[in-house]
$ cat target08.csv   # CSV, C-alpha atoms
chain,number,residue,atom,x,y,z
L,1,MET,CA,118.0,94.3,116.8
L,2,LYS,CA,121.0,92.2,116.0
L,3,LYS,CA,120.1,89.3,118.4
L,4,HIS,CA,116.5,88.6,117.7
L,5,LEU,CA,117.0,85.6,115.4
L,6,ILE,CA,113.4,84.4,115.6
L,7,LEU,CA,112.0,87.8,114.8
L,8,ARG,CA,114.3,88.2,111.9
L,9,VAL,CA,113.6,84.8,110.4
L,10,VAL,CA,109.8,85.1,110.8
L,11,SER,CA,109.7,88.5,109.4
L,12,LYS,CA,111.8,87.5,106.4
L,13,LEU,CA,109.2,84.7,105.8
L,14,LEU,CA,106.3,87.0,106.3
L,15,ILE,CA,107.3,90.1,104.3
L,16,PRO,CA,106.9,88.5,100.8
L,17,LEU,CA,103.6,87.1,101.9
L,18,ILE,CA,102.4,90.5,103.1
L,19,ILE,CA,103.3,92.0,99.8
L,20,LEU,CA,101.6,89.2,97.9
L,21,TYR,CA,98.5,89.7,100.0
L,22,GLY,CA,98.6,93.4,99.3
L,23,LEU,CA,98.7,92.8,95.6
L,24,TYR,CA,95.8,90.3,96.0
L,25,VAL,CA,93.8,93.0,97.8
L,26,GLN,CA,94.7,95.5,95.1
L,27,PHE,CA,93.7,93.5,92.1
L,28,HIS,CA,90.8,91.6,93.7
L,29,GLY,CA,89.2,94.8,94.9
L,30,ASP,CA,86.5,94.7,92.2
L,31,PHE,CA,85.3,91.3,93.5
L,32,GLY,CA,85.8,91.3,97.2
L,33,ALA,CA,86.7,93.6,100.0
L,34,GLY,CA,89.6,95.9,99.4
L,35,GLY,CA,91.1,98.3,96.9
L,36,GLY,CA,93.9,100.7,96.5
L,37,PHE,CA,93.8,102.3,99.9
L,38,GLN,CA,93.9,99.0,101.9
L,39,ALA,CA,96.4,97.4,99.5
L,40,GLY,CA,98.6,100.5,99.8
L,41,VAL,CA,98.6,100.3,103.6
L,42,ILE,CA,99.4,96.6,103.6
L,43,ILE,CA,102.3,97.0,101.2
L,44,ALA,CA,103.6,99.9,103.3
L,45,VAL,CA,103.3,97.8,106.4
L,46,SER,CA,105.7,95.2,104.8
L,47,VAL,CA,108.4,98.0,104.4
L,48,ILE,CA,107.7,99.3,107.9
L,49,LEU,CA,108.1,95.8,109.4
L,50,TYR,CA,111.4,95.5,107.5
L,51,ALA,CA,112.5,98.8,109.0
L,52,LEU,CA,111.5,97.8,112.5
L,53,ILE,CA,113.3,94.5,112.4
L,54,PHE,CA,116.4,95.3,110.3
L,55,GLY,CA,116.8,99.0,111.0
L,56,MET,CA,116.1,102.2,109.1
L,57,ASP,CA,119.3,102.2,107.1
L,58,ALA,CA,118.6,98.8,105.6
L,59,ALA,CA,115.0,99.8,104.8
L,60,GLN,CA,116.1,103.0,103.2
L,61,GLU,CA,118.6,101.1,101.1
L,62,ALA,CA,115.9,98.8,99.9
L,63,VAL,CA,113.2,101.5,99.4
L,64,PRO,CA,115.1,104.8,99.0
L,65,PRO,CA,113.5,108.1,100.0
L,66,TRP,CA,113.8,109.6,96.5
L,67,LEU,CA,111.7,106.7,95.2
L,68,ILE,CA,109.1,107.4,97.8
L,69,LYS,CA,109.0,111.1,96.9
L,70,ILE,CA,108.4,110.2,93.3
L,71,GLY,CA,105.7,107.6,94.3
L,72,THR,CA,103.7,110.1,96.3
L,73,ALA,CA,103.2,112.4,93.4
L,74,SER,CA,103.0,109.9,90.6
L,75,GLY,CA,99.9,108.2,92.1
L,76,VAL,CA,98.0,111.5,91.9
L,77,ILE,CA,99.3,112.0,88.4
L,78,VAL,CA,98.1,108.6,87.3
L,79,PHE,CA,94.7,109.1,88.8
L,80,ALA,CA,94.2,112.6,87.3
L,81,GLY,CA,95.9,111.3,84.1
L,82,VAL,CA,93.1,108.7,83.6
L,83,GLY,CA,90.7,111.6,83.9
L,84,PHE,CA,92.5,113.7,81.2
L,85,ILE,CA,92.8,110.6,78.9
L,86,THR,CA,89.1,110.1,79.1
L,87,MET,CA,88.7,113.8,78.2
L,88,LEU,CA,91.1,113.4,75.3
L,89,MET,CA,89.1,110.4,74.1
L,90,GLY,CA,85.9,112.5,73.9
L,91,GLY,CA,84.3,111.7,77.3
L,92,ASN,CA,83.9,113.6,80.5
L,93,PHE,CA,86.6,113.8,83.2
L,94,LEU,CA,86.9,110.2,84.7
L,95,ASP,CA,84.1,108.9,82.4
L,96,TYR,CA,85.7,105.5,81.9
L,97,ASP,CA,83.2,104.2,79.3
L,98,VAL,CA,85.1,105.9,76.5
L,99,LEU,CA,88.3,103.9,77.3
L,100,HIS,CA,87.2,100.7,75.6
L,101,PRO,CA,84.5,100.2,72.9
L,102,ASP,CA,83.2,97.0,74.5
L,103,LEU,CA,80.2,98.6,76.2
L,104,ALA,CA,78.3,95.4,76.7
L,105,HIS,CA,80.8,94.1,79.2
L,106,ARG,CA,81.7,97.6,80.5
L,107,ALA,CA,85.4,96.9,79.7
L,108,GLY,CA,86.1,100.6,79.8
L,109,GLN,CA,84.9,100.8,83.4
L,110,HIS,CA,87.1,97.9,84.4
L,111,MET,CA,90.1,99.5,82.8
L,112,GLY,CA,89.4,102.9,84.4
L,113,ILE,CA,89.0,101.4,87.9
L,114,LEU,CA,92.1,99.3,87.5
L,115,TRP,CA,94.3,102.4,86.6
L,116,VAL,CA,92.7,104.6,89.1
L,117,GLU,CA,93.3,102.0,91.9
L,118,ILE,CA,96.9,101.7,90.8
L,119,GLY,CA,97.2,105.5,91.3
L,120,VAL,CA,95.7,105.2,94.7
L,121,LEU,CA,98.0,102.3,95.5
L,122,LEU,CA,101.1,104.3,94.5
L,123,THR,CA,100.2,107.4,96.5
L,124,VAL,CA,99.0,105.6,99.7
L,125,THR,CA,102.0,103.2,99.8
L,126,SER,CA,104.5,106.0,99.3
L,127,VAL,CA,102.8,108.4,101.7
L,128,MET,CA,102.6,105.8,104.5
L,129,ILE,CA,106.3,104.9,104.1
L,130,ALA,CA,107.2,108.6,103.8
L,131,VAL,CA,105.4,109.5,107.0
L,132,PHE,CA,107.1,106.6,108.8
L,133,TYR,CA,110.5,107.5,107.4
L,134,ALA,CA,109.9,111.1,108.5
L,135,PHE,CA,109.1,110.2,112.1
L,136,ALA,CA,111.4,107.2,112.6
L,137,GLY,CA,114.3,108.8,110.7
L,138,ARG,CA,114.7,111.5,113.4
L,139,VAL,CA,115.4,109.2,116.3
L,140,PRO,CA,118.0,106.4,116.8
L,141,ASP,CA,116.6,102.9,116.6
L,142,MET,CA,114.6,101.8,119.6
L,143,SER,CA,116.9,100.0,122.0
L,144,ASP,CA,115.8,96.7,123.5
L,145,GLU,CA,115.6,98.1,127.0
L,146,GLU,CA,112.8,100.4,126.0
L,147,TRP,CA,110.4,97.6,125.0
N,148,MET,CA,60.4,86.1,115.7
N,149,GLU,CA,63.8,84.5,115.6
N,150,GLN,CA,66.3,85.9,118.0
N,151,ASP,CA,69.3,87.6,116.3
N,152,LEU,CA,72.2,86.2,118.3
N,153,THR,CA,74.9,88.2,116.7
N,154,GLN,CA,73.7,91.3,118.5
N,155,TYR,CA,75.1,89.8,121.7
N,156,LEU,CA,78.5,89.6,120.0
N,157,ASP,CA,78.1,93.3,119.2
N,158,TYR,CA,77.4,94.1,122.8
N,159,VAL,CA,80.4,92.2,124.0
N,160,LEU,CA,82.6,94.0,121.5
N,161,ILE,CA,81.3,97.4,122.4
N,162,ALA,CA,81.8,96.6,126.1
N,163,MET,CA,85.4,95.6,125.4
N,164,MET,CA,85.9,98.8,123.4
N,165,PHE,CA,84.5,100.8,126.3
N,166,ALA,CA,86.9,99.1,128.7
N,167,VAL,CA,89.9,99.6,126.5
N,168,GLY,CA,88.9,103.3,126.1
N,169,ILE,CA,88.8,103.8,129.9
N,170,ALA,CA,92.2,102.0,130.2
N,171,VAL,CA,93.8,104.3,127.5
N,172,VAL,CA,92.6,107.4,129.4
N,173,ARG,CA,93.9,106.1,132.7
N,174,MET,CA,97.2,104.9,131.4
N,175,ARG,CA,100.3,106.9,132.2
N,176,ASN,CA,102.8,104.7,130.2
N,177,LEU,CA,102.5,106.0,126.6
N,178,PHE,CA,103.8,102.8,125.1
N,179,ALA,CA,101.0,100.8,126.7
N,180,ALA,CA,98.5,103.5,125.7
N,181,VAL,CA,99.6,103.4,122.1
N,182,MET,CA,99.3,99.6,122.1
N,183,LEU,CA,95.8,99.8,123.6
N,184,THR,CA,94.7,102.2,120.9
N,185,GLY,CA,95.7,99.5,118.4
N,186,VAL,CA,93.7,97.0,120.4
N,187,TYR,CA,90.7,99.4,120.2
N,188,SER,CA,91.0,99.6,116.4
N,189,LEU,CA,91.2,95.9,116.1
N,190,LEU,CA,88.0,95.5,118.3
N,191,SER,CA,86.2,98.1,116.2
N,192,ALA,CA,87.3,96.2,113.1
N,193,ALA,CA,85.8,93.0,114.5
N,194,TRP,CA,82.6,94.9,115.2
N,195,PHE,CA,82.4,96.3,111.7
N,196,VAL,CA,82.7,92.7,110.4
N,197,SER,CA,79.8,91.8,112.6
N,198,LEU,CA,77.9,94.7,111.1
N,199,ASP,CA,78.7,93.3,107.5
N,200,ALA,CA,80.8,96.4,106.7
N,201,VAL,CA,83.8,94.3,105.6
N,202,ASP,CA,85.4,97.1,103.5
N,203,VAL,CA,85.3,99.5,106.5
N,204,ALA,CA,86.6,96.7,108.8
N,205,PHE,CA,89.4,96.0,106.4
N,206,THR,CA,90.5,99.6,106.4
N,207,GLU,CA,90.2,100.0,110.1
N,208,ALA,CA,92.3,96.9,110.7
N,209,ALA,CA,95.0,97.9,108.3
N,210,VAL,CA,95.1,101.7,109.0
N,211,GLY,CA,94.0,101.9,112.6
N,212,ALA,CA,95.5,98.8,114.1
N,213,GLY,CA,98.4,98.5,111.7
N,214,ILE,CA,99.9,101.8,110.4
N,215,GLY,CA,98.3,104.0,113.0
N,216,THR,CA,99.9,102.1,115.9
N,217,VAL,CA,103.3,102.1,114.3
N,218,LEU,CA,103.2,105.8,113.5
N,219,MET,CA,102.1,106.6,117.0
N,220,LEU,CA,105.0,104.5,118.4
N,221,ALA,CA,107.4,106.4,116.1
N,222,ALA,CA,105.9,109.7,117.3
N,223,MET,CA,106.2,108.5,120.9
N,224,LEU,CA,109.9,108.0,120.4
N,225,LEU,CA,110.2,111.7,119.7
N,226,THR,CA,108.6,112.6,123.0
N,227,ALA,CA,108.6,111.2,126.5
N,228,ARG,CA,107.7,107.7,127.6
N,229,GLU,CA,105.4,108.7,130.4
N,230,ALA,CA,102.5,111.2,130.3
N,231,LYS,CA,102.7,114.1,132.7
N,232,GLU,CA,100.1,114.5,135.4
N,233,THR,CA,97.5,117.0,134.5
N,234,SER,CA,95.9,119.3,136.9
N,235,PRO,CA,92.4,118.3,138.2
N,236,GLY,CA,90.9,121.4,136.7
N,237,ARG,CA,91.6,120.3,133.2
N,238,HIS,CA,90.0,116.9,133.9
N,239,TRP,CA,86.7,118.6,134.8
N,240,ALA,CA,86.9,120.8,131.6
N,241,ALA,CA,87.4,117.7,129.5
N,242,LEU,CA,84.6,115.8,131.3
N,243,GLY,CA,82.3,118.7,130.6
N,244,VAL,CA,83.1,118.6,126.9
N,245,VAL,CA,82.6,114.9,126.8
N,246,VAL,CA,79.3,115.0,128.6
N,247,VAL,CA,77.9,117.7,126.4
N,248,ALA,CA,79.0,116.0,123.2
N,249,GLY,CA,77.8,112.6,124.4
N,250,GLY,CA,74.4,114.1,125.5
N,251,ALA,CA,74.0,115.7,122.0
N,252,LEU,CA,74.7,112.3,120.4
N,253,LEU,CA,72.2,110.5,122.7
N,254,PHE,CA,69.7,113.2,122.0
N,255,ALA,CA,70.0,112.3,118.3
N,256,VAL,CA,69.6,108.6,118.7
N,257,PRO,CA,65.8,108.4,118.6
N,258,ASP,CA,65.9,110.0,115.2
N,259,MET,CA,68.1,107.2,113.8
N,260,PRO,CA,66.4,104.4,111.9
N,261,VAL,CA,66.2,101.0,113.6
N,262,TYR,CA,69.2,98.8,113.0
N,263,GLY,CA,68.6,96.8,109.8
N,264,ASP,CA,65.5,98.8,108.8
N,265,ALA,CA,64.8,98.1,105.1
N,266,HIS,CA,63.1,101.5,104.8
N,267,SER,CA,65.9,103.6,106.3
N,268,PRO,CA,67.1,106.5,104.1
N,269,ALA,CA,70.4,104.6,103.4
N,270,ASN,CA,68.6,101.5,102.2
N,271,SER,CA,65.7,103.0,100.3
N,272,GLY,CA,67.0,106.2,98.5
N,273,VAL,CA,70.0,106.6,96.3
N,274,GLY,CA,71.7,103.6,98.0
N,275,LEU,CA,69.2,101.3,96.5
N,276,ASP,CA,69.8,102.8,93.0
N,277,TYR,CA,73.5,102.1,93.3
N,278,LEU,CA,72.8,98.5,94.3
N,279,ASN,CA,70.4,98.1,91.3
N,280,GLU,CA,72.4,99.9,88.7
N,281,THR,CA,75.9,98.8,89.4
N,282,PRO,CA,75.6,95.5,87.5
N,283,ASN,CA,74.5,97.4,84.4
N,284,ASP,CA,76.6,100.5,84.7
N,285,ILE,CA,79.9,99.2,86.0
N,286,ALA,CA,79.6,95.4,86.0
N,287,VAL,CA,81.9,94.8,89.0
N,288,PRO,CA,80.6,92.6,91.8
N,289,ASN,CA,81.8,94.8,94.6
N,290,VAL,CA,79.5,97.8,94.8
N,291,VAL,CA,81.8,99.6,97.2
N,292,THR,CA,84.6,99.6,94.6
N,293,ALA,CA,82.1,100.7,91.9
N,294,VAL,CA,80.9,103.7,94.0
N,295,LEU,CA,84.4,104.6,95.2
N,296,ALA,CA,86.3,104.4,92.0
N,297,SER,CA,83.7,105.1,89.3
N,298,TYR,CA,80.5,106.8,90.5
N,299,ARG,CA,82.4,108.9,93.0
N,300,GLY,CA,85.7,109.1,91.1
N,301,TYR,CA,86.1,112.8,91.9
N,302,ASP,CA,85.8,112.1,95.6
N,303,THR,CA,88.4,109.4,95.5
N,304,MET,CA,90.8,111.6,93.5
N,305,GLY,CA,90.3,114.3,96.1
N,306,GLU,CA,91.1,111.8,98.9
N,307,THR,CA,94.2,110.7,97.1
N,308,THR,CA,95.2,114.4,96.8
N,309,VAL,CA,94.6,114.9,100.5
N,310,VAL,CA,96.8,111.9,101.4
N,311,PHE,CA,99.5,113.3,99.1
N,312,ALA,CA,99.2,116.8,100.7
N,313,ALA,CA,99.5,115.2,104.1
N,314,ALA,CA,102.8,113.6,103.1
N,315,VAL,CA,104.0,116.8,101.6
N,316,ALA,CA,103.2,118.6,104.9
N,317,VAL,CA,105.0,116.0,107.0
N,318,MET,CA,108.0,116.0,104.7
N,319,LEU,CA,108.2,119.8,104.8
N,320,MET,CA,108.0,119.9,108.6
N,321,LEU,CA,110.1,116.9,109.6
N,322,GLY,CA,112.2,116.4,106.5
N,323,MET,CA,113.0,113.1,105.0
N,324,GLY,CA,116.2,111.0,104.7
N,325,ARG,CA,118.0,113.4,107.0
N,326,ARG,CA,119.5,110.3,108.7
N,327,ARG,CA,121.1,109.3,105.5
N,328,ARG,CA,123.1,112.5,105.2
N,329,ARG,CA,124.2,112.1,108.7
N,330,THR,CA,125.6,108.6,108.4
N,331,GLY,CA,129.0,110.0,107.6
N,332,GLY,CA,129.0,111.8,111.0
N,333,ASN,CA,127.1,109.2,113.0
N,334,GLY,CA,128.7,110.5,116.1
N,335,ALA,CA,127.4,114.0,115.4
N,336,GLY,CA,123.9,112.7,115.1
N,337,LYS,CA,124.2,110.9,118.4
N,338,ALA,CA,125.6,113.9,120.1
N,339,LYS,CA,122.7,116.0,119.0
N,340,VAL,CA,120.2,113.5,120.5
N,341,GLU,CA,122.1,113.6,123.8
N,342,ASP,CA,122.1,117.4,123.8
N,343,GLN,CA,118.3,117.4,123.8
N,344,THR,CA,118.0,115.1,126.8
$ encode --input "target08.csv" --output "structure tokens"
Amino acid sequence: MKKHLILRVVSKLLIPLIILYGLYVQFHGDFGAGGGFQAGVIIAVSVILYALIFGMDAAQEAVPPWLIKIGTASGVIVFAGVGFITMLMGGNFLDYDVLHPDLAHRAGQHMGILWVEIGVLLTVTSVMIAVFYAFAGRVPDMSDEEW
Amino acid sequence: MEQDLTQYLDYVLIAMMFAVGIAVVRMRNLFAAVMLTGVYSLLSAAWFVSLDAVDVAFTEAAVGAGIGTVLMLAAMLLTAREAKETSPGRHWAALGVVVVAGGALLFAVPDMPVYGDAHSPANSGVGLDYLNETPNDIAVPNVVTAVLASYRGYDTMGETTVVFAAAVAVMLMLGMGRRRRRTGGNGAGKAKVEDQT
């Protein structure tokens, strides 16, 4: 897609906003609609949009596959790790209340949810990009005639 | 009793989803069919918003209309652009399955609570407990997040693991970054594609 100037300029403007919106959905999930799953998908969409407009090679240079492989596993490790940390601190598995002594404001719950959602974000973002790379990496870029 | 006007919006959206569903089935061009499934997801997301299920609508719009469509397009590139004609016998078999499944669903409809019923199981049992206790237990305004991440933390961890397992399966079957290794011999990669066609 060398020629599509409008598409390239518009997507360059949109991709940072998409990532910003994904982060908003991630960290505002306690208060409004959203959370790790949705935010992960939105952030993955920004990478996929980049790959569609600028080609797979450029996308894999920006977000290399080895990083994606680490991301898929580390999200699950973060999630389960929160569970083991709560166990080490004397609570049950994923019992966030022990994370912070401020029980009146449920600060432990907020911390636990924040970290767990970060784990979900990592895995979902990486998995979506990984599946896209796996499919789209097997074929040459779609030529203009096929649209 | 005041008439609830939003129900007509629901009817219109369901009718549009029905029309899109018929169009997807009748479509031979796979590119158009994939795009229409995206339209279907977007319509159902709009319907979920109308039903006040914003979290579900959000997920449907992002996953169904966004990622799902792109992944289906990427999968379509690996196959043909047009669907093959199927024999009429298979149409009848599929119709039979759909009629039986649809009939079973319609048979179950009278047992469902009325839409918006305050005494339905979902609104009176454990769901009410979550709504009442979340401000004390978790103290986050969005009850969906509280249930998802805290009350049902195990479930969400399982879901994350399932998503992870899906990616591992795709990577094992299709491989990843194979294109990178081929960039040195770009011509070789092209030749391979041509061989297949």
$ closest_residue --input "target08.csv" --among "L:Val9, L:Ala62, L:Val45, L:Val98" --to "chain N" --atoms "only C-alpha atoms"
L:Val45
$ closest_residue --input "target08.csv" --among "L:Asn92, L:Thr125, L:Gln38, L:Ser11" --to "chain N" --atoms "all atoms listed in the file"
L:Gln38
$ atom_distance --input "target08.csv" --atom1 "CA of Glu117 in chain L" --atom2 "CA of Leu220 in chain N"
29.1 Å
$ atom_distance --input "target08.csv" --atom1 "CA of Ser74 in chain L" --atom2 "CA of Asp30 in chain L"
22.5 Å
$ atom_distance --input "target08.csv" --atom1 "CA of Val310 in chain N" --atom2 "CA of Leu88 in chain L"
26.8 Å
$ residues_around --input "target08.csv" --residues "Val120 in chain L" --least-positions-apart "5" --cutoff "9 Å" --atoms "only C-alpha atoms" --output "PyMOL selection string"
(chain L and resi 35-37+40+75-76+78-79+115+125) or (chain N and resi 303-304+307)
$ build_atoms --input "target08.csv" --residues "range 185-198 of chain N" --atoms "N, CA, C and O atoms" --output "JSON list (two decimals), in the coordinates of the input"
[["chain", "number", "residue", "atom", "x", "y", "z"],
["N", 185, "GLY", "N", 95.74, 100.50, 119.47],
["N", 185, "GLY", "CA", 95.70, 99.50, 118.40],
["N", 185, "GLY", "C", 94.72, 98.39, 118.72],
["N", 185, "GLY", "O", 93.98, 97.95, 117.82],
["N", 186, "VAL", "N", 94.65, 97.97, 119.99],
["N", 186, "VAL", "CA", 93.70, 97.00, 120.40],
["N", 186, "VAL", "C", 92.25, 97.51, 120.13],
["N", 186, "VAL", "O", 91.37, 96.80, 119.63],
["N", 187, "TYR", "N", 92.06, 98.79, 120.46],
["N", 187, "TYR", "CA", 90.70, 99.40, 120.20],
["N", 187, "TYR", "C", 90.36, 99.36, 118.76],
["N", 187, "TYR", "O", 89.23, 99.01, 118.41],
["N", 188, "SER", "N", 91.33, 99.67, 117.87],
["N", 188, "SER", "CA", 91.00, 99.60, 116.40],
["N", 188, "SER", "C", 90.70, 98.21, 116.00],
["N", 188, "SER", "O", 89.78, 98.01, 115.19],
["N", 189, "LEU", "N", 91.43, 97.24, 116.53],
["N", 189, "LEU", "CA", 91.20, 95.90, 116.10],
["N", 189, "LEU", "C", 89.78, 95.41, 116.57],
["N", 189, "LEU", "O", 89.05, 94.75, 115.83],
["N", 190, "LEU", "N", 89.38, 95.82, 117.80],
["N", 190, "LEU", "CA", 88.00, 95.50, 118.30],
["N", 190, "LEU", "C", 86.98, 96.13, 117.42],
["N", 190, "LEU", "O", 85.97, 95.49, 117.07],
["N", 191, "SER", "N", 87.19, 97.41, 117.05],
["N", 191, "SER", "CA", 86.20, 98.10, 116.20],
["N", 191, "SER", "C", 86.12, 97.42, 114.85],
["N", 191, "SER", "O", 85.05, 97.32, 114.25],
["N", 192, "ALA", "N", 87.29, 96.95, 114.35],
["N", 192, "ALA", "CA", 87.30, 96.20, 113.10],
["N", 192, "ALA", "C", 86.44, 94.97, 113.17],
["N", 192, "ALA", "O", 85.64, 94.67, 112.28],
["N", 193, "ALA", "N", 86.60, 94.24, 114.28],
["N", 193, "ALA", "CA", 85.80, 93.00, 114.50],
["N", 193, "ALA", "C", 84.31, 93.38, 114.54],
["N", 193, "ALA", "O", 83.46, 92.67, 113.98],
["N", 194, "TRP", "N", 84.01, 94.51, 115.16],
["N", 194, "TRP", "CA", 82.60, 94.90, 115.20],
["N", 194, "TRP", "C", 82.07, 95.27, 113.85],
["N", 194, "TRP", "O", 80.94, 94.92, 113.52],
["N", 195, "PHE", "N", 82.88, 95.95, 113.02],
["N", 195, "PHE", "CA", 82.40, 96.30, 111.70],
["N", 195, "PHE", "C", 82.16, 95.01, 110.86],
["N", 195, "PHE", "O", 81.23, 94.97, 110.05],
["N", 196, "VAL", "N", 82.99, 93.98, 111.07],
["N", 196, "VAL", "CA", 82.70, 92.70, 110.40],
["N", 196, "VAL", "C", 81.39, 92.17, 110.80],
["N", 196, "VAL", "O", 80.59, 91.71, 109.99],
["N", 197, "SER", "N", 81.12, 92.25, 112.11],
["N", 197, "SER", "CA", 79.80, 91.80, 112.60],
["N", 197, "SER", "C", 78.68, 92.55, 112.02],
["N", 197, "SER", "O", 77.58, 92.02, 111.86],
["N", 198, "LEU", "N", 78.90, 93.82, 111.67],
["N", 198, "LEU", "CA", 77.90, 94.70, 111.10],
["N", 198, "LEU", "C", 77.84, 94.52, 109.54],
["N", 198, "LEU", "O", 77.17, 95.29, 108.86]]
